[in-house]
Amino acid sequence: MSTPPAPAVPSVWRLLPAGGYAGRARMMMVRSATASRRTWLAFLSGFFEPLFYLLAMGTGLGSLVGDLPGPDGQPISYAAFIAPGLLAASAMNGAVFDSTYNVFFKLHYARLYDSMLATPLGPVDVALGEIGWALLRGGLYATAFLSVMAGFGLIASPWALLALPAALLVAFAFAAIGMAATSFMRSWQDFDLVTLVVLPMFLFSTTFYPLSVYPRWLQIVVECLPLYHAVELMRGLTTGIVGPGLLGHLGYFVAMAIVGIVIAARRLDTLLLR
């Protein structure tokens with residue numbers, strides 16, 4: 001009898017380290033959740049930053065700015081304009097800072113991953129577990145801020161229900177890229193680069209004003225930034241202006257997440273097993 005052909009392996013899995021996945025990534029998330037019980041105050045603090053921006057900018061500065069054009073060109077209040085941008089930034093910040101500072105400490109100082117790889121866990125499990133925890137943190141921030149938006153009456157459409165899963169995808173993609181970048185960092189001074197990347201994205205990715213205020217060459221630069229795609233995605237969903245263009249924003253983050261996972265897993269395999 002002829003031997004049946006082996007099932008086809010998805011192309012993405014071939015990019016990951018061979019034998020690096022044991023299907024136990026959830027245990028990494030359980031460990032992170034347990035360790036966070038004693039640092040819940042620091043965990044909670046990430047929610048207040050976008051809330052303070054919304055109160056200061058949306059209520060205070062908004063009374064001076066007036067209305068701005070929404071995704072369909074119709075005027076919306078300044079608070080309704082910046083709130084989706086702050087929602088996207090909340091998902092980004094929660095994911096990035098958890099997948100950079102915390103991962104760097106575990107990798108180079110606590111040596112946590114070395115002991116984990118002595119168990120059935122593989123480098124792909126470690127990468128997915130840490131990214132998953134960062135995703136959960138970013139998702140919790142996004143959920144809390146979305147509730148605040150609803151309380152302030154800044155949600156204009158039932159499509160806003162999809163803003164939460166969209167925020168989770170955004171957080172997942174940023175966490176994957178954040179962990180991949182952390183694997184190349186050599187010291188705490190390298191984290192100045194994280195701030196150098198995250199802060200300009202927060203300020204210039206149409207979070208506080210429309211893209212049209214920039215000259216065309218700068219518009220092209222902004223349109224390449226991941227947070228710009230997150231802001232446009234959230235703004236379209238919360239205002240109910242949904243079209244095929246949103247699929248392009250989603251595809252951007254799917255590709256971003258795949259690239260981040262592959263690089264993070266392969267780098268952990270290189271750093272810890274070879």
# chains A, B, ... in the order shown; residues from 1 in each chain; ligands from 1
>>> residues_around(residues="Gly178 in chain A", least_positions_apart="6", cutoff="10 Å", atoms="only C-alpha atoms", output="list in words")
Met92, Ala95, Val96, Phe97, Asp98, Ser99, Thr100, Tyr101, Val103, Ile131, Ala134, Phe172, Val194, Gly260, Ile261 and Ala264 of chain A
>>> select_by_dssp(residues="range 19-227 of chain A", states="strand (DSSP E or B)", output="ChimeraX atom specification")
/A:68-69,75-76
>>> write_last_selection(atoms="C-alpha atoms", output="compact mmCIF listing (two decimals), in the first residue's frame")
# COMPACT_ATOMS: atom_id res chain seq x y z
CA LEU A 68 -13.48 69.08 12.10
CA PRO A 69 -14.29 67.05 8.96
CA PRO A 75 -18.26 67.97 10.36
CA ILE A 76 -17.97 66.24 13.73
>>> residues_around(residues="Leu168 in chain A", least_positions_apart="4", cutoff="12 Å", atoms="only C-alpha atoms", output="ChimeraX atom specification")
/A:87-88,90-92,94-95,131-143,162-164,172-175,230,234,250,253-254,257
>>> atom_distance(atom1="CA of Leu227 in chain A", atom2="CA of Asp269 in chain A")
29.0 Å
>>> select_by_dssp(residues="range 99-242 of chain A", states="alpha helix (DSSP H)", output="PyMOL selection string")
chain A and resi 103-108+112-116+123-151+163-182+191-204+216-223+226-239
>>> write_last_selection(atoms="C-alpha atoms", output="short mmCIF file (atom, residue, chain, number, x, y, z; two decimals), in the first residue's frame")
data_model
loop_
_atom_site.label_atom_id
_atom_site.label_comp_id
_atom_site.auth_asym_id
_atom_site.auth_seq_id
_atom_site.Cartn_x
_atom_site.Cartn_y
_atom_site.Cartn_z
CA VAL A 103 10.38 41.34 27.60
CA PHE A 104 13.85 42.92 27.69
CA PHE A 105 14.06 42.49 31.46
CA LYS A 106 12.94 38.86 31.27
CA LEU A 107 15.35 38.13 28.44
CA HIS A 108 18.57 39.76 29.67
CA LEU A 112 13.28 33.77 32.56
CA TYR A 113 13.16 32.40 29.04
CA ASP A 114 16.24 30.23 29.53
CA SER A 115 14.49 28.29 32.27
CA MET A 116 11.25 28.13 30.30
CA PRO A 123 10.61 29.73 21.34
CA VAL A 124 7.41 30.09 19.32
CA ASP A 125 5.36 29.38 22.48
CA VAL A 126 7.33 32.05 24.35
CA ALA A 127 6.88 34.59 21.55
CA LEU A 128 3.15 33.91 21.13
CA GLY A 129 2.58 33.90 24.88
CA GLU A 130 4.29 37.24 25.46
CA ILE A 131 2.62 38.77 22.42
CA GLY A 132 -0.73 37.39 23.60
CA TRP A 133 -0.31 38.96 27.03
CA ALA A 134 0.62 42.30 25.49
CA LEU A 135 -2.43 41.93 23.26
CA LEU A 136 -4.61 41.33 26.31
CA ARG A 137 -3.22 44.41 28.05
CA GLY A 138 -3.73 46.61 25.00
CA GLY A 139 -7.20 45.14 24.56
CA LEU A 140 -8.19 45.92 28.14
CA TYR A 141 -7.09 49.53 27.71
CA ALA A 142 -9.06 49.75 24.47
CA THR A 143 -12.17 48.22 26.07
CA ALA A 144 -12.07 50.66 28.98
CA PHE A 145 -11.56 53.66 26.70
CA LEU A 146 -14.32 52.52 24.34
CA SER A 147 -16.64 52.46 27.36
CA VAL A 148 -15.59 56.02 28.19
CA MET A 149 -16.34 57.09 24.62
CA ALA A 150 -19.80 55.57 24.91
CA GLY A 151 -20.35 57.37 28.21
CA ALA A 163 -13.79 48.70 17.08
CA LEU A 164 -12.93 46.33 19.94
CA PRO A 165 -11.81 43.36 17.80
CA ALA A 166 -10.08 45.86 15.51
CA ALA A 167 -8.24 47.27 18.54
CA LEU A 168 -7.20 43.75 19.51
CA LEU A 169 -5.72 43.21 16.05
CA VAL A 170 -3.90 46.54 16.33
CA ALA A 171 -2.54 45.61 19.77
CA PHE A 172 -1.47 42.17 18.51
CA ALA A 173 0.42 43.65 15.55
CA PHE A 174 2.19 46.27 17.68
CA ALA A 175 3.05 43.66 20.31
CA ALA A 176 4.56 41.37 17.68
CA ILE A 177 6.69 44.14 16.19
CA GLY A 178 7.62 45.38 19.68
CA MET A 179 8.88 41.97 20.76
CA ALA A 180 10.77 41.51 17.49
CA ALA A 181 12.47 44.88 17.99
CA THR A 182 13.31 44.06 21.61
CA PHE A 191 14.73 52.09 24.58
CA ASP A 192 15.19 55.76 23.75
CA LEU A 193 14.56 54.57 20.19
CA VAL A 194 11.17 53.20 21.25
CA THR A 195 10.13 56.62 22.50
CA LEU A 196 11.62 58.21 19.39
CA VAL A 197 9.31 56.06 17.25
CA VAL A 198 6.15 55.92 19.37
CA LEU A 199 5.87 59.60 20.35
CA PRO A 200 6.04 61.08 16.81
CA MET A 201 3.54 58.48 15.62
CA PHE A 202 1.18 59.50 18.40
CA LEU A 203 1.50 63.19 17.53
CA PHE A 204 1.47 63.08 13.73
CA ARG A 216 1.64 66.13 0.12
CA TRP A 217 5.14 64.73 0.71
CA LEU A 218 4.51 64.57 4.45
CA GLN A 219 1.09 63.02 3.90
CA ILE A 220 2.81 60.12 2.12
CA VAL A 221 5.15 59.63 5.09
CA VAL A 222 2.25 59.68 7.56
CA GLU A 223 0.26 57.20 5.46
CA PRO A 226 1.06 51.95 11.38
CA LEU A 227 -0.73 54.18 13.88
CA TYR A 228 -2.22 56.18 11.00
CA HIS A 229 -3.91 53.02 9.73
CA ALA A 230 -5.13 52.24 13.26
CA VAL A 231 -6.57 55.74 13.71
CA GLU A 232 -8.34 55.67 10.34
CA LEU A 233 -9.75 52.23 11.10
CA MET A 234 -11.11 53.29 14.50
CA ARG A 235 -12.42 56.59 13.18
CA GLY A 236 -14.31 54.87 10.39
CA LEU A 237 -15.90 52.33 12.72
CA THR A 238 -16.89 54.73 15.50
CA THR A 239 -18.44 57.22 13.06
#
>>> atom_distance(atom1="CA of Ala156 in chain A", atom2="CA of Leu247 in chain A")
20.4 Å
>>> closest_residue(among="A:Gly243, A:Pro50, A:Gly122, A:Pro158", to="Pro71 in chain A", atoms="only C-alpha atoms")
A:Gly243
>>> residues_around(residues="Ser77 in chain A", least_positions_apart="5", cutoff="10 Å", atoms="only C-alpha atoms", output="NGL selection string")
:A and (58-59 or 62-63 or 65-70 or 82 or 154)
>>> write_last_selection(atoms="N, CA, C and O atoms", output="PDB file, in the first residue's frame")
ATOM      1  N   GLY A  58     -10.100  67.249  24.140  1.00  0.00           N
ATOM      2  CA  GLY A  58     -11.442  67.201  23.574  1.00  0.00           C
ATOM      3  C   GLY A  58     -12.374  68.229  24.175  1.00  0.00           C
ATOM      4  O   GLY A  58     -13.127  68.901  23.465  1.00  0.00           O
ATOM      5  N   THR A  59     -12.305  68.379  25.490  1.00  0.00           N
ATOM      6  CA  THR A  59     -13.195  69.328  26.163  1.00  0.00           C
ATOM      7  C   THR A  59     -12.613  70.730  26.200  1.00  0.00           C
ATOM      8  O   THR A  59     -13.291  71.714  25.864  1.00  0.00           O
ATOM      9  N   GLY A  62     -11.063  71.608  22.469  1.00  0.00           N
ATOM     10  CA  GLY A  62     -12.162  71.449  21.524  1.00  0.00           C
ATOM     11  C   GLY A  62     -13.104  72.634  21.496  1.00  0.00           C
ATOM     12  O   GLY A  62     -13.703  72.942  20.460  1.00  0.00           O
ATOM     13  N   SER A  63     -13.248  73.319  22.627  1.00  0.00           N
ATOM     14  CA  SER A  63     -14.127  74.495  22.657  1.00  0.00           C
ATOM     15  C   SER A  63     -13.568  75.639  21.820  1.00  0.00           C
ATOM     16  O   SER A  63     -14.308  76.527  21.402  1.00  0.00           O
ATOM     17  N   VAL A  65     -11.339  74.937  19.041  1.00  0.00           N
ATOM     18  CA  VAL A  65     -11.138  74.440  17.677  1.00  0.00           C
ATOM     19  C   VAL A  65     -12.448  74.367  16.914  1.00  0.00           C
ATOM     20  O   VAL A  65     -12.535  74.707  15.733  1.00  0.00           O
ATOM     21  N   GLY A  66     -13.500  73.895  17.577  1.00  0.00           N
ATOM     22  CA  GLY A  66     -14.773  73.704  16.883  1.00  0.00           C
ATOM     23  C   GLY A  66     -14.831  72.358  16.193  1.00  0.00           C
ATOM     24  O   GLY A  66     -14.141  71.407  16.582  1.00  0.00           O
ATOM     25  N   ASP A  67     -15.626  72.256  15.146  1.00  0.00           N
ATOM     26  CA  ASP A  67     -15.805  70.999  14.432  1.00  0.00           C
ATOM     27  C   ASP A  67     -14.687  70.780  13.417  1.00  0.00           C
ATOM     28  O   ASP A  67     -14.075  71.719  12.911  1.00  0.00           O
ATOM     29  N   LEU A  68     -14.434  69.476  13.128  1.00  0.00           N
ATOM     30  CA  LEU A  68     -13.477  69.077  12.103  1.00  0.00           C
ATOM     31  C   LEU A  68     -14.158  68.111  11.139  1.00  0.00           C
ATOM     32  O   LEU A  68     -15.133  67.447  11.506  1.00  0.00           O
ATOM     33  N   PRO A  69     -13.663  67.999   9.903  1.00  0.00           N
ATOM     34  CA  PRO A  69     -14.289  67.053   8.964  1.00  0.00           C
ATOM     35  C   PRO A  69     -14.026  65.611   9.369  1.00  0.00           C
ATOM     36  O   PRO A  69     -12.895  65.230   9.707  1.00  0.00           O
ATOM     37  N   GLY A  70     -15.090  64.792   9.340  1.00  0.00           N
ATOM     38  CA  GLY A  70     -14.964  63.378   9.643  1.00  0.00           C
ATOM     39  C   GLY A  70     -14.502  62.591   8.438  1.00  0.00           C
ATOM     40  O   GLY A  70     -14.139  63.163   7.398  1.00  0.00           O
ATOM     41  N   ILE A  82     -10.963  63.218  17.899  1.00  0.00           N
ATOM     42  CA  ILE A  82      -9.723  62.707  18.502  1.00  0.00           C
ATOM     43  C   ILE A  82      -9.933  61.428  19.291  1.00  0.00           C
ATOM     44  O   ILE A  82      -8.984  60.671  19.503  1.00  0.00           O
ATOM     45  N   LEU A 154     -19.678  59.758  22.324  1.00  0.00           N
ATOM     46  CA  LEU A 154     -18.779  59.975  21.189  1.00  0.00           C
ATOM     47  C   LEU A 154     -18.818  58.828  20.191  1.00  0.00           C
ATOM     48  O   LEU A 154     -17.958  58.742  19.310  1.00  0.00           O
TER      49      LEU A 154
END
>>> atom_distance(atom1="CA of Thr270 in chain A", atom2="CA of Gln189 in chain A")
22.5 Å
>>> decode(residues="range 121-157 of chain A", atoms="N, CA, C and O atoms", output="short mmCIF file (atom, residue, chain, number, x, y, z; two decimals), in the first residue's frame")
data_model
loop_
_atom_site.label_atom_id
_atom_site.label_comp_id
_atom_site.auth_asym_id
_atom_site.auth_seq_id
_atom_site.Cartn_x
_atom_site.Cartn_y
_atom_site.Cartn_z
N LEU A 121 8.07 24.04 26.61
CA LEU A 121 7.85 25.26 25.83
C LEU A 121 8.96 25.45 24.80
O LEU A 121 10.13 25.16 25.06
N GLY A 122 8.59 25.97 23.64
CA GLY A 122 9.55 26.31 22.60
C GLY A 122 9.59 27.80 22.38
O GLY A 122 8.77 28.55 22.93
N PRO A 123 10.52 28.29 21.57
CA PRO A 123 10.61 29.73 21.34
C PRO A 123 9.36 30.34 20.71
O PRO A 123 9.02 31.49 20.98
N VAL A 124 8.65 29.57 19.90
CA VAL A 124 7.41 30.09 19.32
C VAL A 124 6.34 30.24 20.41
O VAL A 124 5.57 31.19 20.41
N ASP A 125 6.30 29.28 21.35
CA ASP A 125 5.36 29.38 22.48
C ASP A 125 5.65 30.63 23.30
O ASP A 125 4.73 31.35 23.71
N VAL A 126 6.94 30.88 23.56
CA VAL A 126 7.33 32.05 24.35
C VAL A 126 6.92 33.33 23.62
O VAL A 126 6.33 34.24 24.22
N ALA A 127 7.22 33.39 22.32
CA ALA A 127 6.88 34.59 21.55
C ALA A 127 5.38 34.81 21.52
O ALA A 127 4.89 35.92 21.78
N LEU A 128 4.61 33.77 21.21
CA LEU A 128 3.15 33.91 21.13
C LEU A 128 2.55 34.23 22.49
O LEU A 128 1.60 35.01 22.59
N GLY A 129 3.11 33.64 23.55
CA GLY A 129 2.58 33.90 24.88
C GLY A 129 2.80 35.33 25.32
O GLY A 129 1.89 35.98 25.86
N GLU A 130 4.00 35.86 25.08
CA GLU A 130 4.29 37.24 25.46
C GLU A 130 3.49 38.22 24.59
O GLU A 130 2.97 39.22 25.09
N ILE A 131 3.40 37.92 23.31
CA ILE A 131 2.62 38.77 22.42
C ILE A 131 1.14 38.72 22.82
O ILE A 131 0.44 39.74 22.82
N GLY A 132 0.67 37.53 23.18
CA GLY A 132 -0.73 37.39 23.60
C GLY A 132 -1.03 38.17 24.86
O GLY A 132 -2.10 38.78 24.99
N TRP A 133 -0.10 38.19 25.81
CA TRP A 133 -0.31 38.96 27.03
C TRP A 133 -0.31 40.46 26.73
O TRP A 133 -1.14 41.21 27.27
N ALA A 134 0.62 40.90 25.88
CA ALA A 134 0.62 42.30 25.49
C ALA A 134 -0.67 42.66 24.75
O ALA A 134 -1.21 43.76 24.91
N LEU A 135 -1.15 41.72 23.94
CA LEU A 135 -2.43 41.93 23.26
C LEU A 135 -3.56 42.09 24.26
O LEU A 135 -4.42 42.98 24.12
N LEU A 136 -3.57 41.25 25.29
CA LEU A 136 -4.61 41.33 26.31
C LEU A 136 -4.56 42.67 27.04
O LEU A 136 -5.59 43.30 27.28
N ARG A 137 -3.35 43.13 27.35
CA ARG A 137 -3.22 44.41 28.05
C ARG A 137 -3.70 45.55 27.17
O ARG A 137 -4.47 46.42 27.62
N GLY A 138 -3.26 45.58 25.91
CA GLY A 138 -3.73 46.61 25.00
C GLY A 138 -5.23 46.54 24.79
O GLY A 138 -5.91 47.56 24.68
N GLY A 139 -5.77 45.30 24.75
CA GLY A 139 -7.20 45.14 24.56
C GLY A 139 -8.01 45.63 25.75
O GLY A 139 -9.10 46.20 25.57
N LEU A 140 -7.49 45.42 26.95
CA LEU A 140 -8.19 45.92 28.14
C LEU A 140 -8.23 47.44 28.16
O LEU A 140 -9.25 48.05 28.51
N TYR A 141 -7.11 48.07 27.79
CA TYR A 141 -7.09 49.53 27.71
C TYR A 141 -8.11 50.02 26.68
O TYR A 141 -8.83 51.00 26.91
N ALA A 142 -8.14 49.35 25.53
CA ALA A 142 -9.06 49.75 24.47
C ALA A 142 -10.51 49.57 24.91
O ALA A 142 -11.36 50.41 24.62
N THR A 143 -10.81 48.47 25.60
CA THR A 143 -12.17 48.22 26.07
C THR A 143 -12.61 49.30 27.05
O THR A 143 -13.73 49.83 26.95
N ALA A 144 -11.73 49.64 27.99
CA ALA A 144 -12.07 50.66 28.98
C ALA A 144 -12.29 52.01 28.30
O ALA A 144 -13.25 52.74 28.62
N PHE A 145 -11.43 52.35 27.35
CA PHE A 145 -11.56 53.66 26.70
C PHE A 145 -12.78 53.70 25.79
O PHE A 145 -13.44 54.74 25.68
N LEU A 146 -13.12 52.57 25.16
CA LEU A 146 -14.32 52.52 24.34
C LEU A 146 -15.56 52.74 25.21
O LEU A 146 -16.52 53.39 24.78
N SER A 147 -15.53 52.23 26.43
CA SER A 147 -16.64 52.46 27.36
C SER A 147 -16.74 53.94 27.73
O SER A 147 -17.85 54.49 27.85
N VAL A 148 -15.59 54.59 27.90
CA VAL A 148 -15.59 56.02 28.19
C VAL A 148 -16.17 56.81 27.02
O VAL A 148 -16.97 57.74 27.20
N MET A 149 -15.79 56.43 25.80
CA MET A 149 -16.34 57.09 24.62
C MET A 149 -17.86 56.96 24.58
O MET A 149 -18.56 57.93 24.27
N ALA A 150 -18.35 55.77 24.89
CA ALA A 150 -19.80 55.57 24.91
C ALA A 150 -20.45 56.45 25.97
O ALA A 150 -21.52 57.04 25.75
N GLY A 151 -19.81 56.55 27.14
CA GLY A 151 -20.35 57.37 28.21
C GLY A 151 -20.40 58.85 27.86
O GLY A 151 -21.30 59.57 28.30
N PHE A 152 -19.44 59.31 27.05
CA PHE A 152 -19.39 60.71 26.64
C PHE A 152 -20.23 60.97 25.38
O PHE A 152 -20.25 62.10 24.89
N GLY A 153 -20.87 59.95 24.86
CA GLY A 153 -21.68 60.11 23.66
C GLY A 153 -20.87 60.34 22.40
O GLY A 153 -21.32 61.04 21.49
N LEU A 154 -19.68 59.76 22.32
CA LEU A 154 -18.78 59.98 21.19
C LEU A 154 -18.82 58.83 20.19
O LEU A 154 -17.96 58.74 19.31
N ILE A 155 -19.79 57.95 20.33
CA ILE A 155 -19.96 56.84 19.38
C ILE A 155 -21.24 57.10 18.59
O ILE A 155 -22.32 57.25 19.17
N ALA A 156 -21.09 57.14 17.27
CA ALA A 156 -22.21 57.55 16.42
C ALA A 156 -22.82 56.41 15.62
O ALA A 156 -23.74 56.64 14.85
N SER A 157 -22.32 55.17 15.80
CA SER A 157 -22.80 54.08 14.94
C SER A 157 -22.64 52.74 15.65
O SER A 157 -21.70 52.54 16.42
#
